[in-house]
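Visitor: File run_20.pdb below, PDB, C-alpha atoms, pLDDT in the B column:
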```pdb
ATOM      1  CA  MET A   1     120.412  30.740  97.626  1.00 59.00           C
ATOM      2  CA  GLY A   2     121.279  34.431  97.217  1.00 67.00           C
ATOM      3  CA  ALA A   3     124.511  34.126  95.232  1.00 72.00           C
ATOM      4  CA  ASP A   4     125.243  36.871  92.700  1.00 71.00           C
ATOM      5  CA  ASP A   5     127.932  35.044  90.796  1.00 77.00           C
ATOM      6  CA  TYR A   6     129.875  31.812  90.603  1.00 83.00           C
ATOM      7  CA  LEU A   7     133.498  31.309  89.585  1.00 85.00           C
ATOM      8  CA  PRO A   8     134.667  27.708  89.043  1.00 88.00           C
ATOM      9  CA  LYS A   9     138.216  26.589  89.865  1.00 91.00           C
ATOM     10  CA  PRO A  10     140.795  27.096  88.471  1.00 91.00           C
ATOM     11  CA  PHE A  11     140.276  30.803  87.858  1.00 89.00           C
ATOM     12  CA  GLU A  12     142.359  33.770  86.833  1.00 91.00           C
ATOM     13  CA  PRO A  13     142.906  36.335  89.603  1.00 90.00           C
ATOM     14  CA  ARG A  14     142.057  39.115  87.122  1.00 92.00           C
ATOM     15  CA  GLU A  15     138.702  37.454  86.458  1.00 91.00           C
ATOM     16  CA  LEU A  16     137.991  37.287  90.200  1.00 89.00           C
ATOM     17  CA  VAL A  17     138.855  40.987  90.635  1.00 89.00           C
ATOM     18  CA  ALA A  18     136.686  41.965  87.654  1.00 87.00           C
ATOM     19  CA  ARG A  19     133.695  40.054  89.005  1.00 86.00           C
ATOM     20  CA  MET A  20     134.149  41.500  92.497  1.00 85.00           C
ATOM     21  CA  GLN A  21     134.242  45.039  91.072  1.00 84.00           C
ATOM     22  CA  SER A  22     131.089  44.289  89.115  1.00 81.00           C
ATOM     23  CA  VAL A  23     129.251  43.122  92.239  1.00 79.00           C
ATOM     24  CA  LEU A  24     130.444  46.195  94.169  1.00 79.00           C
ATOM     25  CA  ARG A  25     129.278  48.529  91.370  1.00 76.00           C
ATOM     26  CA  ARG A  26     125.832  46.948  91.394  1.00 72.00           C
ATOM     27  CA  SER A  27     125.555  47.160  95.173  1.00 67.00           C
ATOM     28  CA  ARG A  28     126.519  50.858  95.215  1.00 63.00           C
ATOM     29  CA  LYS A  29     123.675  51.739  92.847  1.00 54.00           C
ATOM     30  CA  ASP A  30     121.138  50.053  95.097  1.00 48.00           C
ATOM     31  CA  ALA A  31     122.680  51.242  98.349  1.00 52.00           C
ATOM     32  CA  PRO A  32     120.094  52.639 100.761  1.00 53.00           C
ATOM     33  CA  GLY A  33     120.726  55.971 102.395  1.00 52.00           C
ATOM     34  CA  ARG A  34     121.422  57.984  99.244  1.00 80.00           C
ATOM     35  CA  VAL A  35     118.229  59.959  99.849  1.00 86.00           C
ATOM     36  CA  PHE A  36     117.113  60.590 103.406  1.00 87.00           C
ATOM     37  CA  ARG A  37     113.520  61.526 104.179  1.00 88.00           C
ATOM     38  CA  ALA A  38     112.101  62.677 107.487  1.00 86.00           C
ATOM     39  CA  GLY A  39     108.593  64.047 107.220  1.00 85.00           C
ATOM     40  CA  ASP A  40     108.712  66.950 104.791  1.00 89.00           C
ATOM     41  CA  LEU A  41     112.535  67.120 104.811  1.00 90.00           C
ATOM     42  CA  GLU A  42     114.433  65.382 102.026  1.00 91.00           C
ATOM     43  CA  VAL A  43     118.231  65.192 101.763  1.00 90.00           C
ATOM     44  CA  ASP A  44     119.819  63.847  98.570  1.00 89.00           C
ATOM     45  CA  PHE A  45     123.419  63.048  99.446  1.00 87.00           C
ATOM     46  CA  ASP A  46     124.561  62.375  95.874  1.00 83.00           C
ATOM     47  CA  ARG A  47     123.265  65.653  94.444  1.00 86.00           C
ATOM     48  CA  ARG A  48     123.849  67.604  97.686  1.00 88.00           C
ATOM     49  CA  HIS A  49     120.269  68.816  97.478  1.00 90.00           C
ATOM     50  CA  VAL A  50     117.960  69.578 100.410  1.00 92.00           C
ATOM     51  CA  SER A  51     114.250  70.270 100.097  1.00 92.00           C
ATOM     52  CA  LEU A  52     111.626  71.128 102.665  1.00 90.00           C
ATOM     53  CA  ASP A  53     107.933  70.809 101.729  1.00 88.00           C
ATOM     54  CA  GLY A  54     109.107  70.375  98.119  1.00 85.00           C
ATOM     55  CA  ALA A  55     110.952  73.716  98.094  1.00 90.00           C
ATOM     56  CA  GLU A  56     114.723  73.758  97.743  1.00 92.00           C
ATOM     57  CA  VAL A  57     116.699  74.883 100.791  1.00 90.00           C
ATOM     58  CA  ALA A  58     119.969  76.643  99.960  1.00 92.00           C
ATOM     59  CA  LEU A  59     122.667  75.474 102.361  1.00 92.00           C
ATOM     60  CA  THR A  60     126.342  76.324 102.552  1.00 92.00           C
ATOM     61  CA  SER A  61     128.784  73.442 102.265  1.00 90.00           C
ATOM     62  CA  MET A  62     129.358  73.444 106.033  1.00 91.00           C
ATOM     63  CA  GLU A  63     125.624  73.461 106.760  1.00 92.00           C
ATOM     64  CA  PHE A  64     125.122  70.549 104.359  1.00 93.00           C
ATOM     65  CA  ALA A  65     128.029  68.668 105.952  1.00 91.00           C
ATOM     66  CA  LEU A  66     126.508  69.197 109.395  1.00 93.00           C
ATOM     67  CA  LEU A  67     123.045  68.105 108.259  1.00 92.00           C
ATOM     68  CA  SER A  68     124.561  65.073 106.553  1.00 92.00           C
ATOM     69  CA  LEU A  69     126.498  64.147 109.698  1.00 92.00           C
ATOM     70  CA  LEU A  70     123.433  64.509 111.902  1.00 93.00           C
ATOM     71  CA  THR A  71     121.087  62.567 109.595  1.00 91.00           C
ATOM     72  CA  ARG A  72     123.554  59.720 109.104  1.00 88.00           C
ATOM     73  CA  ASN A  73     123.791  59.437 112.902  1.00 90.00           C
ATOM     74  CA  ARG A  74     120.117  60.065 113.679  1.00 88.00           C
ATOM     75  CA  GLY A  75     119.107  59.432 117.231  1.00 88.00           C
ATOM     76  CA  VAL A  76     122.726  59.562 118.411  1.00 91.00           C
ATOM     77  CA  VAL A  77     123.889  62.527 120.468  1.00 92.00           C
ATOM     78  CA  LEU A  78     127.005  63.991 118.838  1.00 91.00           C
ATOM     79  CA  SER A  79     129.230  66.124 121.033  1.00 89.00           C
ATOM     80  CA  ARG A  80     130.453  69.502 119.857  1.00 87.00           C
ATOM     81  CA  ASP A  81     134.004  68.163 119.834  1.00 84.00           C
ATOM     82  CA  LEU A  82     133.032  65.238 117.614  1.00 86.00           C
ATOM     83  CA  ILE A  83     131.126  67.510 115.228  1.00 88.00           C
ATOM     84  CA  PHE A  84     134.076  69.914 115.176  1.00 85.00           C
ATOM     85  CA  GLU A  85     136.434  67.024 114.392  1.00 83.00           C
ATOM     86  CA  ARG A  86     134.238  65.616 111.602  1.00 84.00           C
ATOM     87  CA  LEU A  87     133.661  68.984 109.931  1.00 82.00           C
ATOM     88  CA  LYS A  88     137.214  69.502 108.763  1.00 71.00           C
ATOM     89  CA  GLY A  89     136.386  72.768 107.002  1.00 61.00           C
ATOM     90  CA  LEU A  90     136.309  74.725 110.258  1.00 59.00           C
ATOM     91  CA  ASP A  91     139.407  76.724 111.133  1.00 58.00           C
ATOM     92  CA  ASP A  92     141.712  75.227 113.727  1.00 57.00           C
ATOM     93  CA  ASP A  93     141.427  78.363 115.840  1.00 57.00           C
ATOM     94  CA  SER A  94     137.629  78.220 115.809  1.00 58.00           C
ATOM     95  CA  PHE A  95     135.941  77.418 119.092  1.00 63.00           C
ATOM     96  CA  ASP A  96     133.079  75.122 120.041  1.00 59.00           C
ATOM     97  CA  ARG A  97     130.570  77.995 119.937  1.00 78.00           C
ATOM     98  CA  SER A  98     131.093  78.071 116.165  1.00 84.00           C
ATOM     99  CA  ILE A  99     129.256  74.723 116.104  1.00 87.00           C
ATOM    100  CA  ASP A 100     126.375  76.362 117.981  1.00 88.00           C
ATOM    101  CA  VAL A 101     126.240  79.178 115.425  1.00 90.00           C
ATOM    102  CA  LEU A 102     126.307  76.667 112.560  1.00 91.00           C
ATOM    103  CA  VAL A 103     123.467  74.657 114.150  1.00 92.00           C
ATOM    104  CA  SER A 104     121.509  77.854 114.704  1.00 93.00           C
ATOM    105  CA  ARG A 105     121.834  78.863 111.035  1.00 94.00           C
ATOM    106  CA  LEU A 106     120.841  75.356 109.912  1.00 93.00           C
ATOM    107  CA  ARG A 107     117.803  75.377 112.209  1.00 92.00           C
ATOM    108  CA  GLN A 108     116.763  78.752 110.867  1.00 93.00           C
ATOM    109  CA  LYS A 109     116.920  77.534 107.266  1.00 92.00           C
ATOM    110  CA  LEU A 110     114.969  74.379 108.147  1.00 91.00           C
ATOM    111  CA  GLY A 111     112.373  76.359 110.109  1.00 90.00           C
ATOM    112  CA  ASP A 112     113.183  74.354 113.229  1.00 86.00           C
ATOM    113  CA  ASP A 113     112.284  75.882 116.594  1.00 85.00           C
ATOM    114  CA  PRO A 114     114.916  75.069 119.268  1.00 83.00           C
ATOM    115  CA  ARG A 115     112.207  75.080 121.968  1.00 86.00           C
ATOM    116  CA  LYS A 116     110.125  72.475 120.109  1.00 88.00           C
ATOM    117  CA  PRO A 117     112.620  70.831 117.745  1.00 87.00           C
ATOM    118  CA  ARG A 118     111.344  68.809 114.806  1.00 89.00           C
ATOM    119  CA  TYR A 119     114.791  67.926 113.486  1.00 91.00           C
ATOM    120  CA  ILE A 120     117.760  68.984 115.618  1.00 92.00           C
ATOM    121  CA  LYS A 121     117.564  68.562 119.380  1.00 92.00           C
ATOM    122  CA  THR A 122     120.020  70.205 121.764  1.00 91.00           C
ATOM    123  CA  VAL A 123     121.204  67.907 124.541  1.00 90.00           C
ATOM    124  CA  ARG A 124     122.297  70.343 127.208  1.00 89.00           C
ATOM    125  CA  GLY A 125     125.969  70.131 128.095  1.00 86.00           C
ATOM    126  CA  THR A 126     126.573  67.377 125.538  1.00 87.00           C
ATOM    127  CA  GLY A 127     125.779  68.248 121.946  1.00 90.00           C
ATOM    128  CA  TYR A 128     123.149  67.721 119.279  1.00 92.00           C
ATOM    129  CA  ALA A 129     121.034  64.895 117.902  1.00 93.00           C
ATOM    130  CA  PHE A 130     118.849  64.528 114.821  1.00 91.00           C
ATOM    131  CA  THR A 131     115.489  63.406 116.152  1.00 88.00           C
ATOM    132  CA  ALA A 132     113.083  63.347 113.193  1.00 76.00           C
TER     133      ALA A 132
END
```
The structure in this file should be written as structure tokens.

Guide:
Amino acid sequence: MGADDYLPKPFEPRELVARMQSVLRRSRKDAPGRVFRAGDLEVDFDRRHVSLDGAEVALTSMEFALLSLLTRNRGVVLSRDLIFERLKGLDDDSFDRSIDVLVSRLRQKLGDDPRKPRYIKTVRGTGYAFTA
């Protein structure tokens, strides 16, 4: 019926907690989304590794955080303010154009043309979306 475990009554609370932790550990190992693939782009979130056409792409921590944010929200337009808020590493006195510069550097490293985007699409006046 899909059950992972069974605990008959009466049971010790410590036993229940131990079994729940065991189920959670098993589910984390099998969790989808640890490696994201879109065409020839591959992002391994656990190892913080990005490859394009099988070649490693060296990203800064902020570029990886941005790519991770965009891929985890693919198809959703993220505003500059939301991206700025989620990327905590940016200075408080930075401005929203710093997001544009960060996106530009990421596009350059991914070989993405802003006029014909394969990965990151600019939504004028709103923000960015991962479209692959």

Visitor: Mind running region 21-62 of chain A against region 103-107 of chain A at 10 Å and telling me each contacting residue's nearest atom pair with the distance in Å (one decimal), counting all atoms listed in the file, chain and number ascending, as a Markdown table?

Guide:
```
| residue | atom | partner | partner_atom | distance |
| --- | --- | --- | --- | --- |
| A:Leu59 | CA | A:Leu106 | CA | 7.8 |
| A:Thr60 | CA | A:Leu106 | CA | 9.2 |
| A:Met62 | CA | A:Leu106 | CA | 9.6 |
```

Visitor: Skip Lys121 (chain A) itself and residues of its chain fewer than 6 positions away, then list as an MDAnalysis selection string all residues within 9 Å of it, counting all atoms listed in the file.

Guide: chainID A and resid 77 114:115 127:131

Visitor: Distance CA of Thr126 (chain A)-CA of Arg72 (chain A), one decimal place?

Guide: 18.4 Å

Visitor: To test your reading of the syntax: which residues would the PyMOL selection byres ((chain A and resi 55) around 12) return for the file shown? Reply as a list in words.

Guide: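 Selected by the PyMOL selection byres ((chain A and resi 55) around 12) here: Asp40, Leu41, Glu42, Val43, His49, Val50, Ser51, Leu52, Asp53, Gly54, Glu56, Val57, Ala58, Lys109 and Leu110 of chain A.
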
Visitor: Rounded to one decimal in Å, what is the spacing between CA of Ser61 (chain A) and CA of Leu102 (chain A)?

Guide: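 It comes out at 11.1 Å.
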
Visitor: Give the centre and edge lengths of an axis-aligned box, in Å to one decimal, that holds all listed atoms of region 55-65 of chain A with 6 Å on each side, as JSON.

Guide:
```
{"center_x": 120.2, "center_y": 72.7, "center_z": 102.3, "size_x": 30.4, "size_y": 20.0, "size_z": 21.0}
```

Visitor: Between CA of Lys88 (chain A) and CA of Ala65 (chain A), what is the spacing in Å?

Guide: 9.6 Å

Visitor: Where does the PyMOL selection byres ((chain A and resi 132) around 9) land in this file, that is, which residues does it pick, as a ChimeraX atom specification?

Guide: /A:38-39,71,74-75,117-120,130-131
